[in-house]
$ cat final06.pdb   # PDB, C-alpha atoms, pLDDT in the B column
ATOM      1  CA  MET A   1       0.000   0.000   0.000  1.00 48.00           C
ATOM      2  CA  LEU A   2       1.217   3.480  -0.877  1.00 47.00           C
ATOM      3  CA  GLN A   3       0.951   4.817   2.676  1.00 54.00           C
ATOM      4  CA  TYR A   4       3.608   2.326   3.831  1.00 68.00           C
ATOM      5  CA  ARG A   5       6.102   3.225   1.103  1.00 74.00           C
ATOM      6  CA  LEU A   6       6.595   6.555   2.833  1.00 85.00           C
ATOM      7  CA  PRO A   7       7.959   7.248   6.329  1.00 94.00           C
ATOM      8  CA  ILE A   8       5.349   7.119   9.074  1.00 96.00           C
ATOM      9  CA  PRO A   9       4.495  10.529  10.580  1.00 97.00           C
ATOM     10  CA  ILE A  10       5.886  10.815  14.108  1.00 98.00           C
ATOM     11  CA  GLN A  11       5.002  13.524  16.615  1.00 97.00           C
ATOM     12  CA  THR A  12       7.149  14.457  19.602  1.00 97.00           C
ATOM     13  CA  TYR A  13       5.546  14.759  23.026  1.00 93.00           C
ATOM     14  CA  ASP A  14       6.994  15.814  26.372  1.00 90.00           C
ATOM     15  CA  ASP A  15       6.200  14.828  29.944  1.00 78.00           C
ATOM     16  CA  SER A  16       4.871  18.260  30.863  1.00 64.00           C
ATOM     17  CA  ALA A  17       2.641  16.695  33.535  1.00 58.00           C
ATOM     18  CA  HIS A  18       5.710  15.962  35.662  1.00 60.00           C
ATOM     19  CA  LYS A  19       7.607  19.069  34.472  1.00 63.00           C
ATOM     20  CA  LEU A  20      10.477  16.902  33.228  1.00 75.00           C
ATOM     21  CA  SER A  21      12.525  17.243  30.035  1.00 87.00           C
ATOM     22  CA  ILE A  22      11.426  13.845  28.764  1.00 91.00           C
ATOM     23  CA  TYR A  23      10.622  13.742  25.070  1.00 94.00           C
ATOM     24  CA  TYR A  24       9.157  10.707  23.348  1.00 96.00           C
ATOM     25  CA  PRO A  25       7.587   9.830  19.988  1.00 98.00           C
ATOM     26  CA  GLN A  26       4.024   8.973  19.129  1.00 98.00           C
ATOM     27  CA  LEU A  27       3.176   7.487  15.744  1.00 98.00           C
ATOM     28  CA  LEU A  28       0.314   8.906  13.669  1.00 97.00           C
ATOM     29  CA  LEU A  29      -1.358   6.019  11.847  1.00 96.00           C
ATOM     30  CA  VAL A  30      -4.466   5.533   9.735  1.00 93.00           C
ATOM     31  CA  ASN A  31      -5.351   2.460  11.798  1.00 95.00           C
ATOM     32  CA  LYS A  32      -6.168   3.960  15.197  1.00 97.00           C
ATOM     33  CA  ALA A  33      -6.230   0.593  16.981  1.00 97.00           C
ATOM     34  CA  HIS A  34      -2.642  -0.118  15.894  1.00 97.00           C
ATOM     35  CA  GLN A  35      -1.694   3.455  16.706  1.00 98.00           C
ATOM     36  CA  GLN A  36      -2.975   3.069  20.255  1.00 98.00           C
ATOM     37  CA  THR A  37      -1.242  -0.300  20.741  1.00 98.00           C
ATOM     38  CA  ILE A  38       2.134   0.968  19.555  1.00 98.00           C
ATOM     39  CA  ASN A  39       2.002   4.350  21.269  1.00 98.00           C
ATOM     40  CA  GLN A  40       0.994   2.808  24.580  1.00 98.00           C
ATOM     41  CA  ALA A  41       3.942   0.396  24.296  1.00 98.00           C
ATOM     42  CA  ILE A  42       6.267   3.335  23.663  1.00 98.00           C
ATOM     43  CA  TYR A  43       4.943   5.263  26.648  1.00 95.00           C
ATOM     44  CA  ARG A  44       5.281   2.215  28.921  1.00 96.00           C
ATOM     45  CA  LYS A  45       8.956   1.991  28.003  1.00 96.00           C
ATOM     46  CA  VAL A  46       9.412   5.727  28.625  1.00 94.00           C
ATOM     47  CA  TYR A  47       7.770   5.380  32.039  1.00 91.00           C
ATOM     48  CA  THR A  48       9.877   2.306  32.863  1.00 93.00           C
ATOM     49  CA  LEU A  49      13.074   4.217  32.114  1.00 92.00           C
ATOM     50  CA  PHE A  50      11.973   6.965  34.483  1.00 87.00           C
ATOM     51  CA  SER A  51      10.935   4.417  37.110  1.00 86.00           C
ATOM     52  CA  ASN A  52      14.336   2.716  36.942  1.00 83.00           C
ATOM     53  CA  ILE A  53      16.048   5.997  37.755  1.00 80.00           C
ATOM     54  CA  ASN A  54      13.511   6.858  40.452  1.00 78.00           C
ATOM     55  CA  GLU A  55      13.757   3.439  42.129  1.00 76.00           C
ATOM     56  CA  GLN A  56      17.540   3.709  42.252  1.00 73.00           C
ATOM     57  CA  GLY A  57      17.157   6.940  44.222  1.00 74.00           C
ATOM     58  CA  TYR A  58      18.619   9.078  41.459  1.00 71.00           C
ATOM     59  CA  TYR A  59      15.569  11.305  41.048  1.00 75.00           C
ATOM     60  CA  GLN A  60      14.931  14.200  43.412  1.00 73.00           C
ATOM     61  CA  PRO A  61      12.420  16.804  42.199  1.00 75.00           C
ATOM     62  CA  GLY A  62      14.029  20.187  41.666  1.00 71.00           C
ATOM     63  CA  ILE A  63      17.538  18.765  42.098  1.00 71.00           C
ATOM     64  CA  THR A  64      17.966  16.043  39.508  1.00 74.00           C
ATOM     65  CA  GLU A  65      18.675  17.048  35.933  1.00 80.00           C
ATOM     66  CA  MET A  66      16.743  14.582  33.787  1.00 83.00           C
ATOM     67  CA  ILE A  67      16.647  14.439  30.015  1.00 88.00           C
ATOM     68  CA  GLY A  68      14.659  11.861  28.079  1.00 92.00           C
ATOM     69  CA  ASN A  69      15.160  11.587  24.351  1.00 96.00           C
ATOM     70  CA  TYR A  70      14.587   9.301  21.404  1.00 98.00           C
ATOM     71  CA  GLU A  71      16.077   8.483  18.022  1.00 98.00           C
ATOM     72  CA  VAL A  72      14.346   6.993  15.000  1.00 98.00           C
ATOM     73  CA  LYS A  73      16.647   4.287  13.674  1.00 98.00           C
ATOM     74  CA  ASN A  74      14.364   2.998  10.912  1.00 98.00           C
ATOM     75  CA  ASN A  75      11.186   4.355   9.352  1.00 98.00           C
ATOM     76  CA  GLN A  76      10.548   2.718   6.007  1.00 96.00           C
ATOM     77  CA  ARG A  77       8.294   0.053   4.453  1.00 95.00           C
ATOM     78  CA  GLY A  78       5.996   0.237   7.482  1.00 96.00           C
ATOM     79  CA  ILE A  79       8.764  -0.808   9.877  1.00 97.00           C
ATOM     80  CA  VAL A  80       9.592   1.613  12.683  1.00 98.00           C
ATOM     81  CA  SER A  81      12.507   1.016  15.053  1.00 98.00           C
ATOM     82  CA  ILE A  82      13.342   3.567  17.746  1.00 98.00           C
ATOM     83  CA  THR A  83      15.573   3.952  20.778  1.00 98.00           C
ATOM     84  CA  LEU A  84      14.504   5.696  23.981  1.00 98.00           C
ATOM     85  CA  SER A  85      16.998   7.086  26.479  1.00 96.00           C
ATOM     86  CA  ASN A  86      16.870   8.716  29.899  1.00 93.00           C
ATOM     87  CA  PHE A  87      19.802  10.631  31.385  1.00 89.00           C
ATOM     88  CA  ALA A  88      19.914  11.762  35.019  1.00 83.00           C
ATOM     89  CA  ASN A  89      22.457  13.752  36.999  1.00 81.00           C
ATOM     90  CA  MET A  90      22.570  15.557  40.340  1.00 75.00           C
ATOM     91  CA  PRO A  91      25.340  16.961  42.580  1.00 75.00           C
ATOM     92  CA  THR A  92      25.517  13.881  44.846  1.00 69.00           C
ATOM     93  CA  LEU A  93      26.164  11.459  41.961  1.00 68.00           C
ATOM     94  CA  ALA A  94      29.732  10.459  41.178  1.00 67.00           C
ATOM     95  CA  HIS A  95      28.733  10.324  37.517  1.00 72.00           C
ATOM     96  CA  PRO A  96      25.504  10.643  35.502  1.00 78.00           C
ATOM     97  CA  VAL A  97      23.314   7.604  34.899  1.00 83.00           C
ATOM     98  CA  THR A  98      21.745   6.705  31.571  1.00 90.00           C
ATOM     99  CA  TYR A  99      19.229   4.050  30.635  1.00 93.00           C
ATOM    100  CA  LEU A 100      18.433   2.914  27.108  1.00 97.00           C
ATOM    101  CA  ASP A 101      15.626   0.856  25.608  1.00 98.00           C
ATOM    102  CA  SER A 102      14.183   0.294  22.153  1.00 98.00           C
ATOM    103  CA  LEU A 103      11.117  -0.799  20.252  1.00 98.00           C
ATOM    104  CA  THR A 104      10.578  -2.254  16.785  1.00 98.00           C
ATOM    105  CA  THR A 105       7.129  -2.545  15.241  1.00 98.00           C
ATOM    106  CA  ASP A 106       5.298  -3.259  12.002  1.00 98.00           C
ATOM    107  CA  VAL A 107       2.651  -0.544  11.762  1.00 97.00           C
ATOM    108  CA  ARG A 108       0.528  -2.657   9.413  1.00 95.00           C
ATOM    109  CA  THR A 109      -0.175  -5.158  12.190  1.00 96.00           C
ATOM    110  CA  GLY A 110       0.621  -3.199  15.351  1.00 97.00           C
ATOM    111  CA  GLU A 111       2.918  -6.035  16.460  1.00 98.00           C
ATOM    112  CA  ILE A 112       5.887  -5.264  18.715  1.00 98.00           C
ATOM    113  CA  TYR A 113       8.788  -7.605  17.969  1.00 98.00           C
ATOM    114  CA  GLN A 114      11.149  -9.287  20.383  1.00 98.00           C
ATOM    115  CA  LEU A 115      14.472 -10.416  18.969  1.00 98.00           C
ATOM    116  CA  LYS A 116      13.357 -14.045  18.630  1.00 97.00           C
ATOM    117  CA  ASP A 117      10.399 -12.974  16.485  1.00 97.00           C
ATOM    118  CA  LEU A 118      12.748 -11.816  13.727  1.00 98.00           C
ATOM    119  CA  PHE A 119      13.909 -15.354  12.980  1.00 98.00           C
ATOM    120  CA  LYS A 120      12.468 -18.635  11.801  1.00 97.00           C
ATOM    121  CA  GLU A 121      11.117 -20.885  14.517  1.00 96.00           C
ATOM    122  CA  ASN A 122      13.744 -23.194  16.050  1.00 95.00           C
ATOM    123  CA  SER A 123      16.544 -21.483  14.135  1.00 97.00           C
ATOM    124  CA  PRO A 124      19.927 -21.160  15.890  1.00 97.00           C
ATOM    125  CA  TYR A 125      19.766 -17.360  15.851  1.00 98.00           C
ATOM    126  CA  ARG A 126      21.333 -16.947  19.282  1.00 97.00           C
ATOM    127  CA  GLU A 127      24.317 -19.121  18.412  1.00 97.00           C
ATOM    128  CA  ARG A 128      24.818 -17.313  15.094  1.00 98.00           C
ATOM    129  CA  ILE A 129      24.562 -13.865  16.671  1.00 98.00           C
ATOM    130  CA  ASN A 130      26.872 -14.828  19.538  1.00 98.00           C
ATOM    131  CA  LYS A 131      29.581 -15.974  17.119  1.00 98.00           C
ATOM    132  CA  LEU A 132      29.387 -12.671  15.234  1.00 98.00           C
ATOM    133  CA  ILE A 133      29.528 -10.694  18.478  1.00 98.00           C
ATOM    134  CA  ASP A 134      32.502 -12.746  19.653  1.00 97.00           C
ATOM    135  CA  ILE A 135      34.329 -11.820  16.464  1.00 97.00           C
ATOM    136  CA  GLN A 136      33.587  -8.124  16.956  1.00 98.00           C
ATOM    137  CA  ILE A 137      34.715  -8.200  20.584  1.00 97.00           C
ATOM    138  CA  LYS A 138      38.090  -9.528  19.458  1.00 97.00           C
ATOM    139  CA  GLU A 139      38.450  -7.366  16.346  1.00 97.00           C
ATOM    140  CA  ARG A 140      37.400  -4.164  18.128  1.00 97.00           C
ATOM    141  CA  ASP A 141      39.336  -5.048  21.299  1.00 97.00           C
ATOM    142  CA  ILE A 142      36.297  -4.400  23.495  1.00 97.00           C
ATOM    143  CA  PRO A 143      37.075  -4.744  27.228  1.00 96.00           C
ATOM    144  CA  LEU A 144      34.783  -7.086  29.152  1.00 97.00           C
ATOM    145  CA  LEU A 145      33.960  -7.314  32.837  1.00 95.00           C
ATOM    146  CA  ASN A 146      33.843 -11.099  32.545  1.00 93.00           C
ATOM    147  CA  SER A 147      33.858 -13.610  29.715  1.00 92.00           C
ATOM    148  CA  TYR A 148      31.078 -13.048  27.185  1.00 94.00           C
ATOM    149  CA  THR A 149      28.250 -15.521  27.850  1.00 93.00           C
ATOM    150  CA  GLY A 150      25.884 -14.611  25.024  1.00 96.00           C
ATOM    151  CA  ILE A 151      22.652 -12.778  24.337  1.00 97.00           C
ATOM    152  CA  ARG A 152      19.430 -13.264  26.286  1.00 91.00           C
ATOM    153  CA  PRO A 153      16.099 -14.420  24.794  1.00 84.00           C
ATOM    154  CA  ASN A 154      14.756 -10.881  25.369  1.00 90.00           C
ATOM    155  CA  GLN A 155      17.978  -9.196  24.262  1.00 97.00           C
ATOM    156  CA  LYS A 156      17.724  -5.493  23.466  1.00 98.00           C
ATOM    157  CA  TYR A 157      18.151  -4.536  19.818  1.00 98.00           C
ATOM    158  CA  TYR A 158      17.077  -2.138  17.110  1.00 98.00           C
ATOM    159  CA  ILE A 159      17.068  -2.159  13.324  1.00 98.00           C
ATOM    160  CA  ALA A 160      18.845   0.381  11.138  1.00 97.00           C
ATOM    161  CA  ASP A 161      17.956  -0.259   7.492  1.00 92.00           C
ATOM    162  CA  LYS A 162      19.515  -3.656   6.648  1.00 94.00           C
ATOM    163  CA  ALA A 163      21.412  -4.056   9.897  1.00 97.00           C
ATOM    164  CA  LEU A 164      20.502  -5.578  13.241  1.00 98.00           C
ATOM    165  CA  ILE A 165      22.106  -3.740  16.156  1.00 98.00           C
ATOM    166  CA  ILE A 166      22.457  -5.770  19.333  1.00 98.00           C
ATOM    167  CA  TYR A 167      23.293  -3.709  22.410  1.00 98.00           C
ATOM    168  CA  PHE A 168      23.800  -4.173  26.116  1.00 97.00           C
ATOM    169  CA  ASP A 169      23.171  -1.939  29.114  1.00 95.00           C
ATOM    170  CA  MET A 170      26.010   0.013  30.667  1.00 92.00           C
ATOM    171  CA  TYR A 171      28.012  -2.163  33.100  1.00 91.00           C
ATOM    172  CA  GLU A 172      26.234  -5.291  31.807  1.00 94.00           C
ATOM    173  CA  ILE A 173      29.230  -6.776  29.992  1.00 96.00           C
ATOM    174  CA  THR A 174      31.722  -3.888  29.794  1.00 96.00           C
ATOM    175  CA  PRO A 175      33.164  -1.212  32.109  1.00 94.00           C
ATOM    176  CA  GLY A 176      31.154   1.985  32.418  1.00 89.00           C
ATOM    177  CA  TYR A 177      33.504   4.072  30.278  1.00 89.00           C
ATOM    178  CA  VAL A 178      32.582   1.955  27.242  1.00 93.00           C
ATOM    179  CA  GLY A 179      29.014   3.238  27.415  1.00 92.00           C
ATOM    180  CA  PHE A 180      26.430   1.041  25.736  1.00 96.00           C
ATOM    181  CA  PRO A 181      28.318  -1.672  23.819  1.00 97.00           C
ATOM    182  CA  MET A 182      26.693  -2.040  20.413  1.00 98.00           C
ATOM    183  CA  PHE A 183      27.223  -4.704  17.797  1.00 98.00           C
ATOM    184  CA  PRO A 184      25.951  -4.031  14.257  1.00 98.00           C
ATOM    185  CA  ILE A 185      25.256  -7.181  12.251  1.00 98.00           C
ATOM    186  CA  GLY A 186      24.387  -7.025   8.569  1.00 97.00           C
ATOM    187  CA  SER A 187      21.043  -8.647   7.805  1.00 97.00           C
ATOM    188  CA  TYR A 188      22.572 -10.604   4.926  1.00 96.00           C
ATOM    189  CA  GLN A 189      24.814 -12.415   7.416  1.00 97.00           C
ATOM    190  CA  LEU A 190      21.656 -13.943   8.901  1.00 98.00           C
ATOM    191  CA  GLN A 191      19.500 -14.042   5.783  1.00 97.00           C
ATOM    192  CA  ASP A 192      18.966 -17.807   5.754  1.00 97.00           C
ATOM    193  CA  ILE A 193      17.323 -17.810   9.216  1.00 98.00           C
ATOM    194  CA  ILE A 194      15.391 -14.534   9.041  1.00 98.00           C
ATOM    195  CA  GLU A 195      11.600 -14.855   9.077  1.00 97.00           C
ATOM    196  CA  ASP A 196      10.354 -13.390   5.789  1.00 96.00           C
ATOM    197  CA  THR A 197       7.380 -11.595   7.348  1.00 96.00           C
ATOM    198  CA  SER A 198       9.406 -10.076  10.204  1.00 97.00           C
ATOM    199  CA  PRO A 199      10.805  -6.518  10.116  1.00 97.00           C
ATOM    200  CA  LEU A 200      14.227  -7.815   9.060  1.00 97.00           C
ATOM    201  CA  GLY A 201      12.650  -9.903   6.311  1.00 96.00           C
ATOM    202  CA  ILE A 202      10.524  -7.019   5.033  1.00 95.00           C
ATOM    203  CA  LEU A 203      13.565  -4.729   4.850  1.00 96.00           C
ATOM    204  CA  LEU A 204      15.853  -7.235   3.101  1.00 93.00           C
ATOM    205  CA  PRO A 205      14.636  -6.955  -0.529  1.00 81.00           C
ATOM    206  CA  ASP A 206      16.192  -4.179  -2.589  1.00 69.00           C
TER
END
$ encode --input "final06.pdb" --output "structure tokens"
Amino acid sequence: MLQYRLPIPIQTYDDSAHKLSIYYPQLLLVNKAHQQTINQAIYRKVYTLFSNINEQGYYQPGITEMIGNYEVKNNQRGIVSITLSNFANMPTLAHPVTYLDSLTTDVRTGEIYQLKDLFKENSPYRERINKLIDIQIKERDIPLLNSYTGIRPNQKYYIADKALIIYFDMYEITPGYVGFPMFPIGSYQLQDIIEDTSPLGILLPD
């Protein structure tokens, strides 16, 4: 359909109710049921990021500097993939804290995809991805806190055109100064196990 050949309109909102500098996207779709499903999922992730900072005791009204932002990593062929971040800092912190999450959806169905949903059922996607990450760790000389043990079933990721970007939280596998360790993997490296109807499969054809 023509409407999905073009980028999906996205509007930026802010959390003015809590007087915080938290900005997040909301998709504007023809199908209002899908729009509501996706936008509610986005807002839940935004709220979870804030809650993580609040529960850690990093948020104090009027004292904590908090900035929430987002980036659109893919917006083509009806596939939208975004990252959501929340940065917090206050005088008593030794260093700022940042949380990152992401969401990938097909606006034609309203489905939100976990990593496993991108691949054929029972395919060895975790083993394949782990081998490629292992190679990058060695080639890029990425410092680890411990030996790399592999991705999780609910591993965080986003899609940027024909690339799958696997990433980890700060301090999850690397020292804090590394930031968020990210591992871009070309879709063609996994083409034989990608589910054709998934976001990766839809973006593969030229």
$ resolve_selection --input "final06.pdb" --expression "the PyMOL selection byres ((chain A and resi 109-125) around 9)" --output "ChimeraX atom specification"
/A:31,33-38,41,103-108,126-130,153-158,190,192-201
$ resolve_selection --input "final06.pdb" --expression "the PyMOL selection byres ((chain A and resi 64-67) around 10)" --output "PyMOL selection string"
chain A and resi 20-23+50+53+58-63+68-69+85-93+96-98
$ residues_around --input "final06.pdb" --residues "Ile82 of chain A" --least-positions-apart "5" --cutoff "6 Å" --atoms "all atoms listed in the file" --output "PDB file with C-alpha atoms, in the frame of the given file"
ATOM      1  CA  GLU A  71      16.077   8.483  18.022  1.00 98.00           C
ATOM      2  CA  VAL A  72      14.346   6.993  15.000  1.00 98.00           C
ATOM      3  CA  LYS A  73      16.647   4.287  13.674  1.00 98.00           C
ATOM      4  CA  SER A 102      14.183   0.294  22.153  1.00 98.00           C
ATOM      5  CA  LEU A 103      11.117  -0.799  20.252  1.00 98.00           C
TER       6      LEU A 103
END
$ atom_distance --input "final06.pdb" --atom1 "atom CA of Gln136 of chain A" --atom2 "atom CA of Pro181 of chain A"
10.8 Å
$ resolve_selection --input "final06.pdb" --expression "the PyMOL selection byres ((chain A and resi 175-177) around 10)" --output "ChimeraX atom specification"
/A:97,142-146,169-174,178-181
$ closest_residue --input "final06.pdb" --among "A:Thr48, A:Asn39, A:Ser81, A:Ser147" --to "Leu27 of chain A" --atoms "only C-alpha atoms"
A:Asn39
$ closest_residue --input "final06.pdb" --among "A:Pro7, A:Pro184, A:Gly57, A:Pro205" --to "Ala160 of chain A" --atoms "all atoms listed in the file"
A:Pro184
$ closest_residue --input "final06.pdb" --among "A:Thr83, A:Gln56, A:Gln189, A:Gln76" --to "Leu132 of chain A" --atoms "all atoms listed in the file"
A:Gln189
$ axis_aligned_box --input "final06.pdb" --around "segment 45-57 of chain A" --padding-each-side "6 Å" --output "AutoDock Vina command-line options"
--center_x 12.7 --center_y 4.5 --center_z 36.1 --size_x 21.8 --size_y 17.0 --size_z 28.2
$ atom_distance --input "final06.pdb" --atom1 "atom CA of Leu100 of chain A" --atom2 "atom CA of Phe168 of chain A"
8.9 Å
$ atom_distance --input "final06.pdb" --atom1 "atom CA of Arg44 of chain A" --atom2 "atom CA of Pro25 of chain A"
12.0 Å
$ closest_residue --input "final06.pdb" --among "A:Leu164, A:Ser187, A:Lys45, A:Gly78" --to "Pro9 of chain A" --atoms "all atoms listed in the file"
A:Gly78
$ closest_residue --input "final06.pdb" --among "A:Ile185, A:Ile166, A:Ile135, A:Ile79" --to "Asp101 of chain A" --atoms "all atoms listed in the file"
A:Ile166
$ closest_residue --input "final06.pdb" --among "A:Ile151, A:Met182, A:Ile137, A:Ile10" --to "Tyr167 of chain A" --atoms "all atoms listed in the file"
A:Met182
$ build_atoms --input "final06.pdb" --residues "segment 129-140 of chain A" --atoms "N, CA and C atoms" --output "CSV table (one decimal), in the frame of the given file"
chain,number,residue,atom,x,y,z
A,129,ILE,N,24.3,-15.2,16.2
A,129,ILE,CA,24.6,-13.9,16.7
A,129,ILE,C,25.7,-13.8,17.7
A,130,ASN,N,25.8,-14.8,18.6
A,130,ASN,CA,26.9,-14.8,19.5
A,130,ASN,C,28.2,-15.0,18.9
A,131,LYS,N,28.3,-15.8,17.8
A,131,LYS,CA,29.6,-16.0,17.1
A,131,LYS,C,30.0,-14.7,16.5
A,132,LEU,N,29.1,-13.9,15.9
A,132,LEU,CA,29.4,-12.7,15.2
A,132,LEU,C,29.8,-11.6,16.3
A,133,ILE,N,29.1,-11.6,17.4
A,133,ILE,CA,29.5,-10.7,18.5
A,133,ILE,C,30.9,-11.0,19.0
A,134,ASP,N,31.2,-12.3,19.2
A,134,ASP,CA,32.5,-12.7,19.7
A,134,ASP,C,33.6,-12.2,18.7
A,135,ILE,N,33.3,-12.3,17.4
A,135,ILE,CA,34.3,-11.8,16.5
A,135,ILE,C,34.5,-10.3,16.6
A,136,GLN,N,33.5,-9.6,16.8
A,136,GLN,CA,33.6,-8.1,17.0
A,136,GLN,C,34.3,-7.8,18.2
A,137,ILE,N,34.0,-8.5,19.3
A,137,ILE,CA,34.7,-8.2,20.6
A,137,ILE,C,36.2,-8.3,20.4
A,138,LYS,N,36.7,-9.3,19.7
A,138,LYS,CA,38.1,-9.5,19.5
A,138,LYS,C,38.6,-8.5,18.5
A,139,GLU,N,38.0,-8.3,17.4
A,139,GLU,CA,38.4,-7.4,16.3
A,139,GLU,C,38.5,-5.9,16.8
A,140,ARG,N,37.5,-5.5,17.6
A,140,ARG,CA,37.4,-4.2,18.1
A,140,ARG,C,38.1,-4.0,19.5
